[in-house]
>>> print(open('upload-v7.txt').read())   # compact mmCIF, C-alpha atoms
# COMPACT_ATOMS: atom_id res chain seq x y z
CA MET A 10 7.64 -13.68 -23.80
CA ALA A 11 5.80 -13.14 -20.49
CA ASP A 12 3.32 -10.27 -20.29
CA THR A 13 4.69 -7.45 -18.12
CA THR A 14 1.66 -5.19 -18.49
CA VAL A 15 0.37 -3.30 -15.46
CA ARG A 16 -3.28 -2.22 -15.60
CA ILE A 17 -5.79 -0.27 -13.50
CA ASP A 18 -8.98 -2.08 -12.52
CA GLY A 19 -11.15 0.54 -10.82
CA ASN A 20 -8.66 1.92 -8.28
CA THR A 21 -6.74 -1.36 -8.05
CA LEU A 22 -3.33 -1.79 -9.67
CA ARG A 23 -3.09 -5.20 -11.34
CA LEU A 24 0.52 -6.30 -11.79
CA PRO A 25 1.40 -9.39 -13.85
CA GLY A 26 1.32 -12.62 -11.88
CA GLY A 27 -1.95 -11.85 -10.10
CA VAL A 28 -0.73 -9.11 -7.74
CA ALA A 29 -3.39 -6.60 -6.66
CA VAL A 30 -2.51 -3.34 -4.86
CA ARG A 31 -4.91 -0.68 -3.55
CA PHE A 32 -3.96 2.56 -1.80
CA ILE A 33 -6.20 3.11 1.24
CA ARG A 34 -6.89 6.38 3.05
CA THR A 35 -6.69 6.12 6.83
CA LEU A 36 -6.49 7.96 10.13
CA ARG A 37 -3.13 9.50 10.95
CA LEU A 38 -1.66 8.20 14.20
CA PRO A 39 0.03 10.29 16.88
CA GLU A 40 3.81 10.26 16.53
CA THR A 41 4.33 8.96 20.07
CA GLY A 42 3.33 5.57 21.45
CA THR A 43 2.39 2.37 19.62
CA HIS A 44 -1.17 1.91 18.39
CA PRO A 45 -3.59 -0.64 16.88
CA LEU A 46 -4.06 -0.76 13.12
CA PRO A 47 -6.11 2.23 11.92
CA PRO A 48 -9.17 1.64 9.73
CA GLY A 49 -9.58 2.06 6.01
CA LEU A 50 -11.52 5.16 4.97
CA GLY A 51 -11.86 4.43 1.27
CA GLU A 52 -9.55 4.08 -1.70
CA PHE A 53 -7.40 6.77 -3.27
CA PRO A 54 -8.41 7.33 -6.90
CA VAL A 55 -5.71 6.18 -9.32
CA ARG A 56 -5.19 7.48 -12.88
CA ARG A 57 -2.70 6.74 -15.66
CA VAL A 58 -0.08 9.41 -16.27
CA ALA A 59 -0.26 8.70 -20.01
CA ASP A 60 -3.87 9.92 -20.13
CA TYR A 61 -2.76 13.44 -19.13
CA GLY A 62 0.53 13.71 -20.99
CA ASP A 63 0.03 17.37 -21.91
CA ARG A 64 -0.70 18.40 -18.30
CA VAL A 65 1.90 16.55 -16.22
CA PRO A 66 5.57 17.45 -15.73
CA GLU A 67 8.00 16.08 -18.28
CA ALA A 68 9.73 13.99 -15.59
CA TRP A 69 6.43 12.23 -14.86
CA ARG A 70 5.92 11.40 -18.53
CA ALA A 71 9.42 9.95 -18.62
CA ARG A 72 8.74 7.72 -15.60
CA GLY A 73 5.28 6.68 -16.74
CA GLY A 74 3.06 4.90 -14.24
CA VAL A 75 0.07 6.25 -12.36
CA MET A 76 -0.81 9.07 -9.99
CA LEU A 77 -3.07 9.65 -6.99
CA PRO A 78 -3.96 12.72 -4.87
CA VAL A 79 -2.85 13.12 -1.24
CA TYR A 80 -3.21 15.92 1.28
CA LEU A 81 -0.28 17.24 3.28
CA ARG A 82 0.29 14.90 6.22
CA GLU A 83 -2.36 12.45 5.00
CA ALA A 84 -1.74 8.80 5.93
CA MET A 85 -2.19 5.74 3.74
CA TRP A 86 -1.72 2.00 3.71
CA LEU A 87 -1.32 -0.52 0.91
CA SER A 88 -3.80 -3.38 0.62
CA PHE A 89 -2.83 -6.58 -1.20
CA ALA A 90 -6.26 -8.23 -0.91
CA GLY A 91 -7.18 -10.03 -4.13
CA THR A 92 -3.65 -11.19 -4.97
CA SER A 93 -4.24 -14.57 -6.59
CA GLU A 94 -0.82 -16.27 -6.69
CA PRO A 95 2.37 -16.16 -4.59
CA ALA A 96 4.54 -13.14 -5.30
CA ALA A 97 7.48 -11.23 -3.88
CA LEU A 98 6.60 -7.53 -3.97
CA GLN A 99 9.16 -4.77 -3.57
CA VAL A 100 7.80 -1.49 -2.16
CA GLY A 101 9.90 1.63 -2.55
CA VAL A 102 9.34 5.08 -1.06
CA GLY A 103 11.41 7.52 -3.07
CA LYS A 104 13.36 4.47 -4.32
CA VAL A 105 14.28 3.45 -0.76
CA CYS A 106 13.06 -0.03 0.14
CA ALA A 107 10.31 0.22 2.78
CA VAL A 108 11.30 -3.21 4.15
CA SER A 109 15.11 -3.11 4.23
CA GLY A 110 15.98 0.60 4.06
CA ARG A 111 18.41 -0.16 1.23
CA PRO A 112 18.49 1.60 -2.17
CA TRP A 113 16.04 0.35 -4.79
CA SER A 114 17.21 -2.81 -6.54
CA ASP A 115 16.03 -4.77 -9.57
CA ARG A 116 16.83 -8.00 -7.71
CA LEU A 117 15.37 -9.75 -4.71
CA ALA A 118 17.72 -9.98 -1.75
CA ARG A 119 18.04 -11.49 1.70
CA GLY A 120 20.12 -10.18 4.56
CA PRO A 121 18.16 -7.94 4.74
CA GLN A 122 15.05 -9.08 2.89
CA ASN A 123 13.92 -6.37 0.47
CA TYR A 124 10.35 -7.46 -0.30
CA VAL A 125 7.07 -8.60 1.22
CA VAL A 126 5.61 -12.02 0.49
CA LEU A 127 2.11 -12.15 -0.97
CA PRO A 128 -0.55 -13.20 -0.22
CA ARG A 129 0.75 -13.91 3.30
CA GLN A 130 1.39 -10.18 3.84
CA PRO A 131 -2.18 -8.83 3.64
CA TRP A 132 -1.23 -5.14 3.80
CA LEU A 133 1.60 -2.73 4.58
CA ASP A 134 0.95 0.44 6.60
CA GLY A 135 4.48 1.84 6.79
CA ILE A 136 8.21 1.21 6.91
CA ASN A 137 9.63 -1.74 8.84
CA SER A 138 11.07 0.24 11.73
CA GLY A 139 10.71 -1.89 14.86
CA THR A 140 10.25 -5.40 16.20
CA GLY A 141 6.65 -6.23 15.36
CA THR A 142 5.90 -2.60 14.44
CA VAL A 143 5.91 -0.26 11.45
CA ARG A 144 5.86 3.54 11.21
CA GLN A 145 2.90 4.86 9.26
CA PHE A 146 3.23 6.19 5.70
CA VAL A 147 2.51 9.96 5.76
CA ALA A 148 2.59 12.31 2.75
CA VAL A 149 4.94 15.30 2.83
CA PRO A 150 6.32 17.61 0.11
CA LEU A 151 9.79 17.11 -1.27
CA GLY A 152 12.38 19.71 -0.39
CA LEU A 153 12.10 19.67 3.41
CA GLY A 154 14.18 16.55 3.99
CA ALA A 155 11.27 14.95 5.86
CA THR A 156 10.69 12.02 3.49
CA VAL A 157 12.20 8.59 4.06
CA GLU A 158 14.15 9.20 0.85
CA GLY A 159 15.58 12.48 2.16
CA GLN A 160 16.57 11.05 5.54
CA VAL A 161 18.15 7.87 4.17
CA THR A 162 19.89 9.19 1.03
CA GLY A 163 20.37 12.89 1.85
CA GLU A 164 18.54 13.81 -1.39
CA GLU A 165 14.93 14.09 -2.54
CA VAL A 166 14.92 13.20 -6.22
CA TRP A 167 12.19 10.64 -6.82
CA GLY A 168 9.34 10.93 -4.33
CA GLY A 169 6.26 8.79 -4.86
CA VAL A 170 5.96 5.02 -4.42
CA GLN A 171 7.57 2.30 -6.50
CA LEU A 172 6.25 -1.26 -6.89
CA GLN A 173 7.92 -4.25 -8.50
CA ASN A 174 6.86 -7.89 -8.25
CA PHE A 175 8.49 -11.26 -8.86
CA ALA A 176 6.55 -14.46 -9.50
CA LEU A 177 7.60 -17.97 -8.53
CA ASN A 178 9.86 -19.61 -11.09
CA ASP A 179 8.21 -21.97 -13.56
CA ARG A 180 8.93 -25.11 -11.55
CA GLU A 181 7.69 -23.77 -8.23
CA LEU A 182 4.66 -22.09 -9.78
CA ALA A 183 3.62 -25.37 -11.45
CA ARG A 184 4.05 -27.15 -8.11
CA TRP A 185 2.00 -24.52 -6.26
CA ARG A 186 -0.80 -24.67 -8.83
CA ALA A 187 -0.90 -28.47 -8.62
CA GLU A 188 -1.16 -28.29 -4.82
CA GLU A 189 -3.97 -25.73 -5.10
CA ARG A 190 -5.90 -27.98 -7.52
CA GLN A 191 -5.52 -30.93 -5.14
CA ARG A 192 -6.65 -28.83 -2.19
CA ALA A 193 -9.71 -27.62 -4.12
CA GLU A 194 -10.57 -31.20 -5.12
CA ARG A 195 -10.34 -32.35 -1.49
CA GLN A 196 -12.66 -29.57 -0.42
CA ARG A 197 -15.19 -30.47 -3.13
CA SER A 198 -15.12 -34.14 -2.11
CA MET A 199 -15.86 -33.41 1.55
CA PRO A 200 -19.51 -34.07 2.44
CA ALA A 201 -21.51 -30.98 3.29
CA PRO A 202 -22.44 -30.78 6.99
CA SER A 203 -26.07 -31.50 7.76
CA GLY A 204 -28.37 -31.94 10.71
CA TYR A 205 -27.62 -30.57 14.16
CA GLY A 206 -24.53 -28.33 14.14
CA ALA A 207 -24.62 -27.60 10.43
CA ALA A 208 -23.53 -24.07 9.56
CA MET A 209 -26.32 -21.63 8.88
CA PRO A 210 -26.12 -19.87 5.52
CA MET A 211 -24.54 -16.44 5.76
CA ALA A 212 -25.09 -13.31 3.77
CA ALA A 213 -22.25 -11.88 1.75
CA PRO A 214 -19.77 -9.96 3.93
CA PRO A 215 -19.86 -6.18 3.83
CA VAL A 216 -17.40 -4.25 1.73
CA SER A 217 -14.12 -4.20 3.61
CA ALA A 218 -10.99 -2.11 3.72
CA GLY A 219 -8.91 -5.26 3.63
CA PHE A 220 -9.06 -6.04 7.35
CA GLY A 221 -12.16 -8.22 7.04
CA ALA A 222 -14.39 -5.63 8.71
CA PRO A 223 -16.82 -3.08 7.28
CA MET A 224 -15.19 0.00 5.84
CA PRO A 225 -16.47 3.13 7.56
CA MET A 226 -17.75 6.01 5.51
CA ALA A 227 -15.31 8.68 4.47
CA ALA A 228 -15.68 12.25 5.65
CA PRO A 229 -18.42 14.28 3.96
CA PRO A 230 -17.41 16.91 1.41
CA ALA A 231 -16.14 20.14 2.89
CA PRO A 232 -18.65 22.99 3.11
CA GLY A 233 -18.75 24.99 -0.09
CA SER A 234 -17.21 22.25 -2.19
CA VAL A 235 -18.45 21.85 -5.74
CA PRO A 236 -18.77 18.77 -7.93
CA ALA A 237 -15.71 17.88 -9.97
CA PRO A 238 -15.86 18.88 -13.62
CA ALA A 239 -15.32 16.28 -16.30
CA ALA A 240 -11.72 15.50 -17.13
CA SER A 241 -12.10 17.25 -20.47
CA ALA A 242 -13.01 20.45 -18.62
CA ALA A 243 -9.59 20.74 -16.98
CA PRO A 244 -7.78 23.83 -18.18
CA ALA A 245 -5.38 23.16 -20.99
CA GLY A 246 -1.92 24.63 -21.17
CA PRO A 247 1.68 23.58 -21.03
CA PRO A 248 2.70 21.19 -18.24
CA ARG A 249 4.47 22.75 -15.32
CA ALA A 250 6.51 21.59 -12.36
CA ALA A 251 4.08 19.97 -9.94
CA ALA A 252 4.21 20.22 -6.16
CA ALA A 253 6.01 16.91 -5.77
CA MET A 254 5.13 14.71 -2.79
CA GLY A 255 6.85 11.81 -1.10
CA LEU A 256 6.31 9.63 1.95
CA GLY A 257 7.66 10.34 5.40
CA VAL A 258 6.63 8.51 8.54
CA GLY A 259 4.20 9.14 11.34
CA GLY A 260 3.16 7.11 14.36
CA SER A 261 4.07 3.53 15.20
CA MET A 262 1.59 0.65 15.06
CA ARG A 263 1.60 -3.05 15.81
CA GLN A 264 2.20 -4.80 12.51
CA GLU A 265 4.60 -7.52 11.42
CA VAL A 266 6.48 -7.63 8.13
CA TYR A 267 6.79 -11.34 7.47
CA GLN A 268 9.98 -13.20 6.76
CA ASP A 269 9.98 -15.27 3.57
CA ASP A 270 10.08 -18.99 4.37
CA ARG A 271 10.95 -19.97 0.79
CA PRO A 272 14.52 -20.16 -0.51
CA LEU A 273 15.38 -17.19 -2.71
CA THR A 274 15.87 -19.59 -5.64
CA ASP A 275 12.11 -20.30 -5.69
CA TRP A 276 11.52 -16.85 -7.18
CA SER A 277 12.09 -15.75 -10.77
CA GLU A 278 15.23 -13.76 -11.40
CA GLN A 279 13.43 -11.18 -13.54
CA PRO A 280 10.54 -9.01 -12.33
CA ALA A 281 7.08 -9.72 -13.69
CA GLY A 282 6.08 -6.05 -13.67
CA ARG A 283 6.75 -2.68 -12.10
CA VAL A 284 5.04 0.70 -11.77
CA PHE A 285 5.88 4.21 -10.53
CA VAL A 286 3.16 5.83 -8.42
CA HIS A 287 3.29 9.65 -8.38
CA LEU A 288 1.77 11.51 -5.42
CA VAL A 289 -0.10 14.69 -6.37
CA THR A 290 -1.35 17.57 -4.22
CA PRO A 291 -5.16 18.08 -4.42
CA PRO A 292 -4.87 21.42 -6.33
CA GLU A 293 -2.55 19.83 -8.88
CA TRP A 294 -4.83 16.79 -9.15
CA ARG A 295 -7.75 19.05 -10.07
CA ARG A 296 -5.65 21.03 -12.55
CA ILE A 297 -4.37 17.87 -14.25
CA THR A 298 -7.47 15.65 -14.22
CA GLY A 299 -10.36 18.07 -13.84
CA GLU A 300 -11.56 16.01 -10.85
CA ALA A 301 -11.85 17.14 -7.25
CA ALA A 302 -9.69 15.15 -4.86
CA PRO A 303 -11.51 13.16 -2.15
CA PRO A 304 -12.53 15.21 0.91
CA SER A 305 -9.89 15.78 3.56
CA PRO A 306 -9.46 12.91 6.04
CA VAL A 307 -12.00 12.37 8.80
CA ASP A 308 -11.18 13.68 12.28
CA ARG A 309 -9.66 10.75 14.22
CA ALA A 310 -11.08 11.75 17.62
CA ALA A 311 -14.57 11.88 16.14
CA TYR A 312 -14.01 8.46 14.60
CA THR A 313 -13.04 6.96 17.96
CA ARG A 314 -15.84 8.72 19.85
CA ALA A 315 -18.32 7.18 17.39
CA GLY A 316 -17.21 3.72 18.54
CA LEU A 317 -15.96 2.66 15.11
CA PRO A 318 -13.40 -0.15 14.98
CA TRP A 319 -9.62 -0.28 15.19
CA PHE A 320 -7.80 -3.52 14.47
CA ASP A 321 -5.14 -5.91 15.66
CA TYR A 322 -3.68 -8.72 13.56
CA TYR A 323 -1.35 -11.58 14.40
CA ASP A 324 -0.26 -14.60 12.38
CA GLU A 325 1.23 -17.17 14.72
CA ASP A 326 2.66 -19.21 11.84
CA ALA A 327 4.70 -16.36 10.40
CA GLN A 328 7.98 -14.84 11.58
CA ASP A 329 8.51 -11.10 11.79
CA LEU A 330 11.44 -9.52 9.94
CA ALA A 331 13.90 -7.71 12.17
CA PRO A 332 14.12 -3.98 11.35
CA THR A 333 17.30 -2.47 9.95
CA GLY A 334 19.16 0.34 11.66
CA THR A 335 18.56 2.53 8.62
CA LEU A 336 14.78 2.53 8.98
CA GLN A 337 14.79 2.57 12.78
CA SER A 338 16.52 5.96 12.67
CA VAL A 339 13.96 7.64 10.36
CA LYS A 340 12.28 10.53 12.21
CA PRO A 341 8.56 11.40 12.01
CA VAL A 342 7.34 14.27 9.86
CA GLY A 343 6.47 16.30 12.96
CA ASP A 344 10.16 17.02 13.37
CA TRP A 345 9.89 19.14 10.20
CA LEU A 346 6.28 20.29 10.17
CA GLY A 347 5.77 20.90 13.87
CA ASP A 348 3.57 19.28 16.47
CA ASP A 349 0.38 17.55 15.46
CA HIS A 350 -2.36 19.61 17.12
CA GLU A 351 -5.25 17.34 16.14
CA PRO A 352 -6.63 15.91 19.41
CA TRP A 353 -6.02 12.23 20.05
CA GLN A 354 -8.53 9.94 21.69
CA PRO A 355 -7.36 6.34 22.17
CA PRO A 356 -9.76 3.49 21.35
CA ALA A 357 -11.98 2.38 24.21
CA PRO A 358 -11.74 -1.17 25.60
CA GLY A 359 -13.39 -3.55 23.16
CA GLN A 360 -13.09 -1.14 20.25
CA THR A 361 -10.02 -2.89 18.84
CA HIS A 362 -10.98 -5.98 16.80
CA GLN A 363 -8.65 -8.99 16.66
CA LEU A 364 -8.26 -10.36 13.12
CA LYS A 365 -7.18 -13.88 12.32
CA ASP A 366 -4.90 -15.94 14.36
CA ALA A 367 -10.46 -7.10 -16.34
CA PRO A 368 -8.59 -4.52 -16.55
CA GLY A 369 -8.33 -1.13 -18.24
CA GLU A 370 -5.66 0.25 -20.56
CA PRO A 371 -2.04 -0.78 -19.87
CA VAL A 372 -0.07 1.48 -17.54
CA GLU A 373 3.05 2.78 -19.28
CA ASP A 374 6.38 2.12 -17.61
CA GLY A 375 9.27 4.51 -18.03
CA ASP A 376 12.80 5.38 -17.01
CA TRP A 377 13.27 5.32 -13.23
>>> encode(input="upload-v7.txt", output="structure tokens")
Amino acid sequence: MADTTVRIDGNTLRLPGGVAVRFIRTLRLPETGTHPLPPGLGEFPVRRVADYGDRVPEAWRARGGVMLPVYLREAMWLSFAGTSEPAALQVGVGKVCAVSGRPWSDRLARGPQNYVVLPRQPWLDGINSGTGTVRQFVAVPLGLGATVEGQVTGEEVWGGVQLQNFALNDRELARWRAEERQRAERQRSMPAPSGYGAAMPMAAPPVSAGFGAPMPMAAPPAPGSVPAPAASAAPAGPPRAAAAMGLGVGGSMRQEVYQDDRPLTDWSEQPAGRVFVHLVTPPEWRRITGEAAPPSPVDRAAYTRAGLPWFDYYDEDAQDLAPTGTLQSVKPVGDWLGDDHEPWQPPAPGQTHQLKDAPGEPVEDGDW
């Protein structure tokens, strides 16, 4: 029987079949206009729900999975860097598909496509809401109706993020692996360049947020903040209802969600693995884990004034998925929370960079 175990490796979720997912903090975009890809500002910490069973709500224990802390109106994107083999990954926001806008399904589908194709899709910053654009993932509390889940289904029951991946079927996976071995052998057999025009040796690239560029430093700790206590120092006591969070949408950015060029029959019929990702407010994160959440996000105008990079990415060999009417009609969180008063300073000319033409304990799955 195939291993369906999901594990945490640092802050990376490792799903069976070689899928790697990281949750990246980023600058929140204005809710008007279309913008370049915002930078990565470090990873969200990820912890197993099972390690804090006496401190999390009963519903979380039932769903299993992992949790991470987010601030109100904080933005994030999902990085798939490090995925080692082809996979079809479903991404749900409150059990609404972020690609198709349809209800969560245990099956892959076309018309509309309800998954992203890895490793071709290097990241996902939001819901597929426009031609060649997405609307940014932004954290909001349940109960306002501002989440994608609330706007699409009329209810806010699940919150969080759901991930489920499908590997290639046995025949196609064997074929892909054979082609990869042949490609590697061809590369090894090619003579190394020498003499005039030979490539100069390069140092290892800097740590990157997934865009292939250096990851800027996160904001410094807030004044008066104190170091996080050890997890064992968190106050004990019966679990209580947490301030549940889900994902709404913010500003629009230029990003394609790629159409799968394989027939649907190339993929396995059964998922390789799945995981529920709970979103926790910083106060609840500290109460549950005993750790302080990361500092609040860096001011975006200060980031731009410092001349730090924004990004643009285009893959000429891939075809963008058309958005569905369901996701095109999702409104930004500002419609519920009010105007965004943080000043906006657009990137200066030349500040936008063009890109491209062992695991820990198993994560427990549950009932969701």
>>> residues_around(input="upload-v7.txt", residues="Asp376 (chain A)", least_positions_apart="3", cutoff="8 Å", atoms="all atoms listed in the file", output="short mmCIF file (atom, residue, chain, number, x, y, z; two decimals) with C-alpha atoms, keeping the file's coordinate frame")
data_model
loop_
_atom_site.label_atom_id
_atom_site.label_comp_id
_atom_site.auth_asym_id
_atom_site.auth_seq_id
_atom_site.Cartn_x
_atom_site.Cartn_y
_atom_site.Cartn_z
CA ALA A 71 9.42 9.95 -18.62
CA ARG A 72 8.74 7.72 -15.60
CA GLY A 73 5.28 6.68 -16.74
#
>>> atom_distance(input="upload-v7.txt", atom1="CA of Val79 (chain A)", atom2="CA of Gln145 (chain A)")
14.5 Å
>>> closest_residue(input="upload-v7.txt", among="A:Asn137, A:Val266, A:Leu46, A:Gly168", to="Ala155 (chain A)", atoms="only C-alpha atoms")
A:Gly168
>>> residues_around(input="upload-v7.txt", residues="region 258-261 of chain A", least_positions_apart="6", cutoff="6 Å", atoms="only C-alpha atoms", output="list in words")
Leu38, Pro39, Glu40, Thr43, Val143, Arg144, Gln145, Phe146, Val147, Pro341 and Val342 of chain A
>>> write_last_selection(input="upload-v7.txt", atoms="C-alpha atoms", output="short mmCIF file (atom, residue, chain, number, x, y, z; two decimals), keeping the file's coordinate frame")
data_model
loop_
_atom_site.label_atom_id
_atom_site.label_comp_id
_atom_site.auth_asym_id
_atom_site.auth_seq_id
_atom_site.Cartn_x
_atom_site.Cartn_y
_atom_site.Cartn_z
CA LEU A 38 -1.66 8.20 14.20
CA PRO A 39 0.03 10.29 16.88
CA GLU A 40 3.81 10.26 16.53
CA THR A 43 2.39 2.37 19.62
CA VAL A 143 5.91 -0.26 11.45
CA ARG A 144 5.86 3.54 11.21
CA GLN A 145 2.90 4.86 9.26
CA PHE A 146 3.23 6.19 5.70
CA VAL A 147 2.51 9.96 5.76
CA PRO A 341 8.56 11.40 12.01
CA VAL A 342 7.34 14.27 9.86
#
>>> atom_distance(input="upload-v7.txt", atom1="CA of Ala90 (chain A)", atom2="CA of Thr41 (chain A)")
29.1 Å
>>> atom_distance(input="upload-v7.txt", atom1="CA of Glu158 (chain A)", atom2="CA of Pro292 (chain A)")
23.7 Å
>>> residues_near_point(input="upload-v7.txt", point="(13.0, 9.4, -4.9)", cutoff="12 Å", atoms="all atoms listed in the file", output="JSON, numbers by chain")
{"A": [72, 101, 102, 103, 104, 105, 106, 112, 113, 150, 151, 152, 154, 156, 157, 158, 159, 160, 161, 162, 163, 164, 165, 166, 167, 168, 169, 170, 171, 253, 254, 255, 256, 257, 285, 286, 287, 288, 377]}
>>> write_last_selection(input="upload-v7.txt", atoms="C-alpha atoms", output="compact mmCIF listing (two decimals), keeping the file's coordinate frame")
# COMPACT_ATOMS: atom_id res chain seq x y z
CA ARG A 72 8.74 7.72 -15.60
CA GLY A 101 9.90 1.63 -2.55
CA VAL A 102 9.34 5.08 -1.06
CA GLY A 103 11.41 7.52 -3.07
CA LYS A 104 13.36 4.47 -4.32
CA VAL A 105 14.28 3.45 -0.76
CA CYS A 106 13.06 -0.03 0.14
CA PRO A 112 18.49 1.60 -2.17
CA TRP A 113 16.04 0.35 -4.79
CA PRO A 150 6.32 17.61 0.11
CA LEU A 151 9.79 17.11 -1.27
CA GLY A 152 12.38 19.71 -0.39
CA GLY A 154 14.18 16.55 3.99
CA THR A 156 10.69 12.02 3.49
CA VAL A 157 12.20 8.59 4.06
CA GLU A 158 14.15 9.20 0.85
CA GLY A 159 15.58 12.48 2.16
CA GLN A 160 16.57 11.05 5.54
CA VAL A 161 18.15 7.87 4.17
CA THR A 162 19.89 9.19 1.03
CA GLY A 163 20.37 12.89 1.85
CA GLU A 164 18.54 13.81 -1.39
CA GLU A 165 14.93 14.09 -2.54
CA VAL A 166 14.92 13.20 -6.22
CA TRP A 167 12.19 10.64 -6.82
CA GLY A 168 9.34 10.93 -4.33
CA GLY A 169 6.26 8.79 -4.86
CA VAL A 170 5.96 5.02 -4.42
CA GLN A 171 7.57 2.30 -6.50
CA ALA A 253 6.01 16.91 -5.77
CA MET A 254 5.13 14.71 -2.79
CA GLY A 255 6.85 11.81 -1.10
CA LEU A 256 6.31 9.63 1.95
CA GLY A 257 7.66 10.34 5.40
CA PHE A 285 5.88 4.21 -10.53
CA VAL A 286 3.16 5.83 -8.42
CA HIS A 287 3.29 9.65 -8.38
CA LEU A 288 1.77 11.51 -5.42
CA TRP A 377 13.27 5.32 -13.23
>>> residues_around(input="upload-v7.txt", residues="Trp132 (chain A)", least_positions_apart="4", cutoff="8 Å", atoms="only C-alpha atoms", output="PyMOL selection string")
chain A and resi 86-90+219
>>> closest_residue(input="upload-v7.txt", among="A:Tyr267, A:Tyr124, A:Trp294, A:Trp185", to="Tyr80 (chain A)", atoms="only C-alpha atoms")
A:Trp294
>>> closest_residue(input="upload-v7.txt", among="A:Arg197, A:Arg283, A:Arg271, A:Arg190", to="Gln173 (chain A)", atoms="all atoms listed in the file")
A:Arg283
>>> residues_around(input="upload-v7.txt", residues="Val30 (chain A)", least_positions_apart="3", cutoff="12 Å", atoms="only C-alpha atoms", output="VMD selection string")
chain A and resid 15 to 25 27 33 52 to 53 55 86 to 93 98 to 100 127 to 128 130 to 133 170 to 174 219 283 to 284 286
